[in-house]
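Peer 1: Take this structure, written in structure tokens, and hold onto it; I'll ask about it next.
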Amino acid sequence: MPPGGTACCPRCGHKLATFRPGSLERTTALAVAAAIAFLFTNMEPLMTLSVAGREASTTIAGGAWKMWMEGEKITALLIALFAVIAPALQIGFMLAILLSVRRPPAPHWVGTLLRWVGIAGSWSMVEVMMLGILVSLVKIAALAKVVPGVGIFAAGGLIVLLAAMSSSFDPREAWSRVRWVHGEWPQRVLSGGTDAAEAGR
Amino acid sequence: MTAVARTGMREGFVSCEACGLLSRPVSPEEPGECPRCGAELEFRRRDAIQRTWALVIAATICYLPANILPVMRTTSLTGEEPDTILSGVVILYETGTWYLALILLIASVMIPLAKLASLAYLLVTVQRGSVRNNRERTRLYRVLEIIGRWSMVDVFVATFVVALIQLKPLMSVAPEPGVLFFSAVVILTIIAAESFDPRLIWDSSQGKQETDD
């Protein structure tokens, strides 16, 4: 595969793999940036409401906490999972993977993280939350004055960084640097580019 | 194309769903574990059709209370007012932001329905061994995987409205059980799409002529 080239399934046309030179370095930079954006998204208020001289503001965790207090505990947990925990794990696992594959072979637990990072990513819904925030801003604006906070802008940045991080990451490159189940590490996988092996059992 | 394609399964190869390593297990009946990552190897996701059907049916059952029960209740000086998913869309439309109303209508009402109908269609065609429109059905599956999460938008809207509008006794908003059923629909359909195996769409074409393409 040439640099930047893409392999597609000849049958259904779906993209199989893209060869991305320098993927791991670029992804490391994006993951660090995403971690910073994540902190701001979660620590700064998303929006502040003022009506009749009273002010109220909320963060993501504050929204989930309010749901919990109002008796919708499962929904509160889901919100926390999709908007806080899953993105945090996605960024955390990614950083751990990228740092440990810098000097191959990486220990086998990195392989476990590689499996988990995809699962965390599929449940991380920052972009869906963003749309939810915008809709609720409009809804609330009909009732009271509402000011967007730093958290919203950080969340906007986080969405872009998370998307860039996942698309620049080349999992095949990372997998080729990880020790196998029984501790072996066939370097021909790394050099030859062929991912085929015989499972001898 | 009339030639019988060489598929990995026919040649005894299996690709690991966790790490992507292609390997050839000693016995195809018991593929065992992936030599690289240790995940269990499967030629096809196990019981994909039964599991997907079960989740689709469960989500369909939850779909009714999700749309009938209110998702939040607004208490103000003028009285109490329950809000369902649909009435939220209507209010948004009436207050002048039709494009947001349209987004919510698509995300909360149409996507879950379309997902349930499409999954049922994929399941029925796979079970009947259909060999038509394979590419289109595969593409439909990919779209389902991507759009499913967007239905969660209404749950986020409810959360932030509830979190901010707490100005007792002037006006306050509390969540109602509808929101729980609604999240159940979204999550069940996401898991249903994940438990389906798109390779099943192509399995019926083995040895037959693929009619499209």
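In the structure tokens, chains take letters A, B, ... by order of appearance, with residues numbered from 1 within each chain and ligands from 1 in the order shown.
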Could you give me, as a VMD selection string, the residues within 9 Å of range 166-182 of chain A, counting only C-alpha atoms and dropping anything in the same chain fewer than 5 positions from it?

Peer 2: (chain A and resid 17 to 21 23 to 24 26 to 28 30 97 to 98 101 to 111 114 121 161 187 189 to 190 195) or (chain B and resid 19 to 21 34 to 38)

Peer 1: Enumerate as a ChimeraX atom specification the residues belonging to chain B that approach chain A to within 6 Å, with only C-alpha atoms taken into account.

Peer 2: /B:18,21-25,35-38,135,150,153,156-157,159-161,163

Peer 1: For Pro177 in chain B, list every protein, DNA or RNA residue within 9 Å, evaluated using only C-alpha atoms, and leave out those in the same chain fewer than 4 positions away; present the list as a tab-separated table (two decimals) with N, CA and C atoms, in the first residue's frame.

Peer 2:
chain	number	residue	atom	x	y	z
A	72	GLU	N	-34.12	9.96	38.32
A	72	GLU	CA	-33.83	9.22	37.09
A	72	GLU	C	-32.38	8.73	37.15
B	65	PRO	N	-43.89	3.12	25.13
B	65	PRO	CA	-43.85	4.01	26.29
B	65	PRO	C	-42.88	5.18	26.10
B	66	ALA	N	-41.83	4.98	25.31
B	66	ALA	CA	-40.88	6.07	25.10
B	66	ALA	C	-41.55	7.26	24.43
B	69	LEU	N	-45.23	8.19	27.09
B	69	LEU	CA	-44.99	8.78	28.41
B	69	LEU	C	-44.24	10.10	28.27
B	70	PRO	N	-44.50	11.04	29.19
B	70	PRO	CA	-43.75	12.30	29.15
B	70	PRO	C	-42.29	12.09	29.52
B	71	VAL	N	-41.40	12.89	28.92
B	71	VAL	CA	-39.98	12.82	29.27
B	71	VAL	C	-39.62	13.85	30.33
B	72	MET	N	-40.38	14.95	30.38
B	72	MET	CA	-40.16	15.89	31.48
B	72	MET	C	-41.44	16.64	31.81
B	181	PHE	N	-37.31	4.98	29.13
B	181	PHE	CA	-37.69	4.09	28.03
B	181	PHE	C	-37.02	4.55	26.73
B	182	PHE	N	-36.95	5.86	26.58
B	182	PHE	CA	-36.35	6.37	25.36
B	182	PHE	C	-34.88	5.98	25.28

Peer 1: Looking at B:Asn67, B:Ser15, B:Thr52, B:Thr7, which one is nearest to Ser87 in chain B, with distances taken over only C-alpha atoms?

Peer 2: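 That would be B:Asn67, the residue with the smallest distance to Ser87 in chain B.
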
Peer 1: Which is closer to Val56 in chain B than all the others in B:Glu80, B:Glu30, B:Glu194, B:Asp203, using only C-alpha atoms?

Peer 2: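 Result for the nearest residue to Val56 in chain B: B:Glu194.
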
Peer 1: Please indicate the distance in Å from CA of Leu104 in chain B to CA of Ser195 in chain B, rounded to one decimal place.

Peer 2: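 About the pair CA of Leu104 in chain B and CA of Ser195 in chain B: they are 26.6 Å apart.
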
Peer 1: In Å, how far is it from CA of Val147 in chain A to CA of Arg149 in chain B?

Peer 2: 27.3 Å

Peer 1: Excluding range 40-45 of chain B and its own-chain neighbours fewer than 6 positions away, which residues fall within 6 Å of it when counting only C-alpha atoms? Please give them as a list of chain:residue names.

Peer 2: B:Val14, B:Cys16, B:Pro31, B:Gly32, B:Glu33, B:Cys34, B:Asp197

Peer 1: Based on the selection just made, write C-alpha atoms of those residues as a short mmCIF file (atom, residue, chain, number, x, y, z; two decimals), in the first residue's frame.

Peer 2:
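Saved result, selection-v4.cif, follows:
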data_model
loop_
_atom_site.label_atom_id
_atom_site.label_comp_id
_atom_site.auth_asym_id
_atom_site.auth_seq_id
_atom_site.Cartn_x
_atom_site.Cartn_y
_atom_site.Cartn_z
CA VAL B 14 -10.66 -16.40 10.23
CA CYS B 16 -9.98 -11.72 14.58
CA PRO B 31 -11.33 -21.97 16.21
CA GLY B 32 -10.02 -21.28 19.72
CA GLU B 33 -8.26 -18.03 20.54
CA CYS B 34 -6.50 -15.43 18.46
CA ASP B 197 -23.11 -9.83 11.45
#

Peer 1: Can you tell me which residues surround Ala114 in chain B at a distance of at most 10 Å, considering only C-alpha atoms, apart from same-chain residues fewer than 5 positions away, and format the answer as a list in words?

Peer 2: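 Near neighbours after the sequence-gap exclusion: Ile106, Val109, Leu119, Ala120, Leu144 and Gly148 of chain B.
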
Peer 1: Next, dump the selected residues to file, keeping only C-alpha atoms, as a short mmCIF file (atom, residue, chain, number, x, y, z; two decimals), in the first residue's frame.

Peer 2:
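Result written to again33.cif:
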data_model
loop_
_atom_site.label_atom_id
_atom_site.label_comp_id
_atom_site.auth_asym_id
_atom_site.auth_seq_id
_atom_site.Cartn_x
_atom_site.Cartn_y
_atom_site.Cartn_z
CA ILE B 106 -35.26 12.99 12.62
CA VAL B 109 -38.60 9.78 16.06
CA LEU B 119 -32.76 -4.32 11.17
CA ALA B 120 -35.93 -6.37 10.76
CA LEU B 144 -27.30 2.05 10.83
CA GLY B 148 -27.84 5.13 15.92
#

Peer 1: Can you list, as a count of residues only, every residue of range 126-181 of chain A that DSSP puts in alpha helix (DSSP H)?

Peer 2: 40
